[in-house]
Amino acid sequence: MERDDFFGLDFRIKNFDINILLDLLSIRSKIEAIETVKQIARRFGKSSTFLMVSKRQQTLKFLKPLLEDEFRGYDQYYYEKEVNTASENDRRYNAEERILEYALMVASGKTYRELKKEEFKPGLHSLRELSSDERYDRLWEVLNTIEKDTIDQFKKALAS
């Protein structure tokens with residue numbers, strides 16, 4: 001997967017659904033082919049909450065190389081320009097924004113609209129400004145914090 005695959009991506013869905021997000025990038029089959037995901041699907045079912053969290057975790061891992069790339073600095077005027085796809089720099093900036101938005105949706109389990117409405121922390125600006133090796137870790141932390149109860153229930157289910 002390349003950064004440019006995200007340029008112009010529209011993922012403004014009404015309800016959060018990891019499968020729809022995976023389909024937007026045509027990576028659903030790749031995520032579902034991961035052995036951990038297959039095992040959870042067999043044991044707990046294809047609509048299990050555990051499976052959905054696992055898919056989100058694996059998606060973040062899949063995005064890790066992109067998240068660890070160097071990102072352009074924050075451009076406060078980017079969305080105020082009349083045309084912001086004219087230059088290679090603008091196209092790259094847009095693709096980076098989409099990567100961050102997509103990864104934040106996956107990590108938080110929220111739709112784009114919910115993220116904008118709540119001004120979710122960390123925001124896109126702060127994620128962009130993090131060093132490349134901190135960005136993935138911060139998103140992983142968001143996912144683990146939000147899904148702590150589900151992860152704890154999963155561990156208990158495995159132990160029994």
# chains A, B, ... in the order shown; residues from 1 in each chain; ligands from 1
>>> residues_around(residues="Leu24 (chain A)", least_positions_apart="4", cutoff="12 Å", atoms="only C-alpha atoms", output="number ranges by chain")
A: 5-6, 8-13, 17-20, 28-29, 102
>>> select_by_dssp(residues="region 4-149 of chain A", states="helix (DSSP H, G or I)", output="ChimeraX atom specification")
/A:4-6,18-24,28-32,35-44,49-67,78-80,88-108,112-118,124-129,132-146,148-149
>>> write_last_selection(atoms="C-alpha atoms", output="JSON list (two decimals), in the first residue's frame")
[["chain", "number", "residue", "atom", "x", "y", "z"],
["A", 4, "ASP", "CA", -0.89, 7.96, -2.88],
["A", 5, "ASP", "CA", -3.58, 5.27, -2.55],
["A", 6, "PHE", "CA", -5.17, 7.56, 0.04],
["A", 18, "ILE", "CA", -14.42, -1.76, 10.07],
["A", 19, "ASN", "CA", -15.42, -3.98, 7.15],
["A", 20, "ILE", "CA", -16.59, -0.99, 5.11],
["A", 21, "LEU", "CA", -13.34, 0.84, 5.87],
["A", 22, "LEU", "CA", -11.34, -2.21, 4.83],
["A", 23, "ASP", "CA", -13.31, -2.49, 1.60],
["A", 24, "LEU", "CA", -12.59, 1.16, 0.76],
["A", 28, "ARG", "CA", -10.37, -6.73, 3.71],
["A", 29, "SER", "CA", -9.19, -10.07, 2.33],
["A", 30, "LYS", "CA", -5.62, -9.33, 3.45],
["A", 31, "ILE", "CA", -6.72, -8.54, 7.01],
["A", 32, "GLU", "CA", -9.07, -11.54, 7.15],
["A", 35, "GLU", "CA", -3.99, -16.13, 11.18],
["A", 36, "THR", "CA", -4.98, -14.32, 14.39],
["A", 37, "VAL", "CA", -8.09, -12.92, 12.72],
["A", 38, "LYS", "CA", -9.00, -16.33, 11.26],
["A", 39, "GLN", "CA", -8.65, -18.01, 14.67],
["A", 40, "ILE", "CA", -10.84, -15.43, 16.40],
["A", 41, "ALA", "CA", -13.47, -15.73, 13.65],
["A", 42, "ARG", "CA", -13.54, -19.52, 14.04],
["A", 43, "ARG", "CA", -13.76, -19.44, 17.81],
["A", 44, "PHE", "CA", -16.09, -16.48, 18.40],
["A", 49, "THR", "CA", -16.88, -7.87, 18.94],
["A", 50, "PHE", "CA", -13.54, -9.58, 19.55],
["A", 51, "LEU", "CA", -13.15, -10.11, 15.81],
["A", 52, "MET", "CA", -13.95, -6.49, 15.01],
["A", 53, "VAL", "CA", -11.34, -5.25, 17.51],
["A", 54, "SER", "CA", -8.80, -7.72, 16.13],
["A", 55, "LYS", "CA", -9.43, -6.45, 12.59],
["A", 56, "ARG", "CA", -8.88, -2.90, 13.82],
["A", 57, "GLN", "CA", -5.61, -3.92, 15.49],
["A", 58, "GLN", "CA", -4.41, -5.71, 12.37],
["A", 59, "THR", "CA", -5.40, -2.74, 10.21],
["A", 60, "LEU", "CA", -3.28, -0.42, 12.33],
["A", 61, "LYS", "CA", -0.38, -2.86, 12.01],
["A", 62, "PHE", "CA", -0.96, -2.89, 8.25],
["A", 63, "LEU", "CA", -0.83, 0.93, 8.19],
["A", 64, "LYS", "CA", 2.27, 1.12, 10.39],
["A", 65, "PRO", "CA", 4.78, 1.61, 7.54],
["A", 66, "LEU", "CA", 2.73, 4.53, 6.20],
["A", 67, "LEU", "CA", 2.32, 6.04, 9.66],
["A", 78, "TYR", "CA", -4.32, 23.91, 3.26],
["A", 79, "TYR", "CA", -8.13, 23.74, 3.49],
["A", 80, "GLU", "CA", -8.57, 27.44, 2.74],
["A", 88, "GLU", "CA", 2.68, 17.47, -5.81],
["A", 89, "ASN", "CA", 3.08, 18.88, -2.31],
["A", 90, "ASP", "CA", -0.68, 19.47, -2.01],
["A", 91, "ARG", "CA", -1.47, 15.98, -3.26],
["A", 92, "ARG", "CA", 0.97, 14.49, -0.75],
["A", 93, "TYR", "CA", -0.50, 16.59, 2.06],
["A", 94, "ASN", "CA", -4.01, 15.39, 1.17],
["A", 95, "ALA", "CA", -2.90, 11.75, 1.12],
["A", 96, "GLU", "CA", -1.22, 12.17, 4.50],
["A", 97, "GLU", "CA", -4.39, 13.75, 5.93],
["A", 98, "ARG", "CA", -6.43, 10.81, 4.67],
["A", 99, "ILE", "CA", -3.96, 8.31, 6.17],
["A", 100, "LEU", "CA", -4.23, 10.04, 9.54],
["A", 101, "GLU", "CA", -8.03, 10.32, 9.38],
["A", 102, "TYR", "CA", -8.38, 6.68, 8.36],
["A", 103, "ALA", "CA", -6.00, 5.47, 11.07],
["A", 104, "LEU", "CA", -7.73, 7.61, 13.71],
["A", 105, "MET", "CA", -11.13, 6.21, 12.70],
["A", 106, "VAL", "CA", -9.77, 2.66, 12.94],
["A", 107, "ALA", "CA", -8.14, 3.32, 16.32],
["A", 108, "SER", "CA", -11.11, 5.15, 17.84],
["A", 112, "TYR", "CA", -15.19, 10.84, 10.40],
["A", 113, "ARG", "CA", -18.17, 12.99, 11.40],
["A", 114, "GLU", "CA", -17.90, 11.91, 15.05],
["A", 115, "LEU", "CA", -14.20, 12.71, 15.11],
["A", 116, "LYS", "CA", -14.79, 16.19, 13.69],
["A", 117, "LYS", "CA", -17.79, 16.86, 15.93],
["A", 118, "GLU", "CA", -16.05, 15.81, 19.14],
["A", 124, "LEU", "CA", -5.00, 15.32, 13.17],
["A", 125, "HIS", "CA", -2.79, 18.32, 13.83],
["A", 126, "SER", "CA", -1.14, 16.69, 16.86],
["A", 127, "LEU", "CA", -0.79, 13.33, 15.08],
["A", 128, "ARG", "CA", 0.88, 15.03, 12.13],
["A", 129, "GLU", "CA", 3.32, 16.82, 14.41],
["A", 132, "SER", "CA", 7.24, 9.22, 12.79],
["A", 133, "ASP", "CA", 8.05, 6.61, 15.44],
["A", 134, "GLU", "CA", 5.49, 8.03, 17.91],
["A", 135, "ARG", "CA", 2.49, 8.28, 15.56],
["A", 136, "TYR", "CA", 1.72, 4.55, 15.37],
["A", 137, "ASP", "CA", 2.27, 4.08, 19.12],
["A", 138, "ARG", "CA", -0.15, 6.90, 19.93],
["A", 139, "LEU", "CA", -2.85, 5.42, 17.70],
["A", 140, "TRP", "CA", -2.28, 1.96, 19.21],
["A", 141, "GLU", "CA", -2.67, 3.52, 22.66],
["A", 142, "VAL", "CA", -5.99, 5.10, 21.59],
["A", 143, "LEU", "CA", -7.32, 1.73, 20.40],
["A", 144, "ASN", "CA", -6.22, -0.07, 23.57],
["A", 145, "THR", "CA", -7.70, 2.61, 25.82],
["A", 146, "ILE", "CA", -11.05, 2.67, 24.04],
["A", 148, "LYS", "CA", -9.80, -1.97, 27.18],
["A", 149, "ASP", "CA", -12.95, -3.75, 28.43]]
>>> atom_distance(atom1="CA of Asp75 (chain A)", atom2="CA of Ser26 (chain A)")
29.4 Å
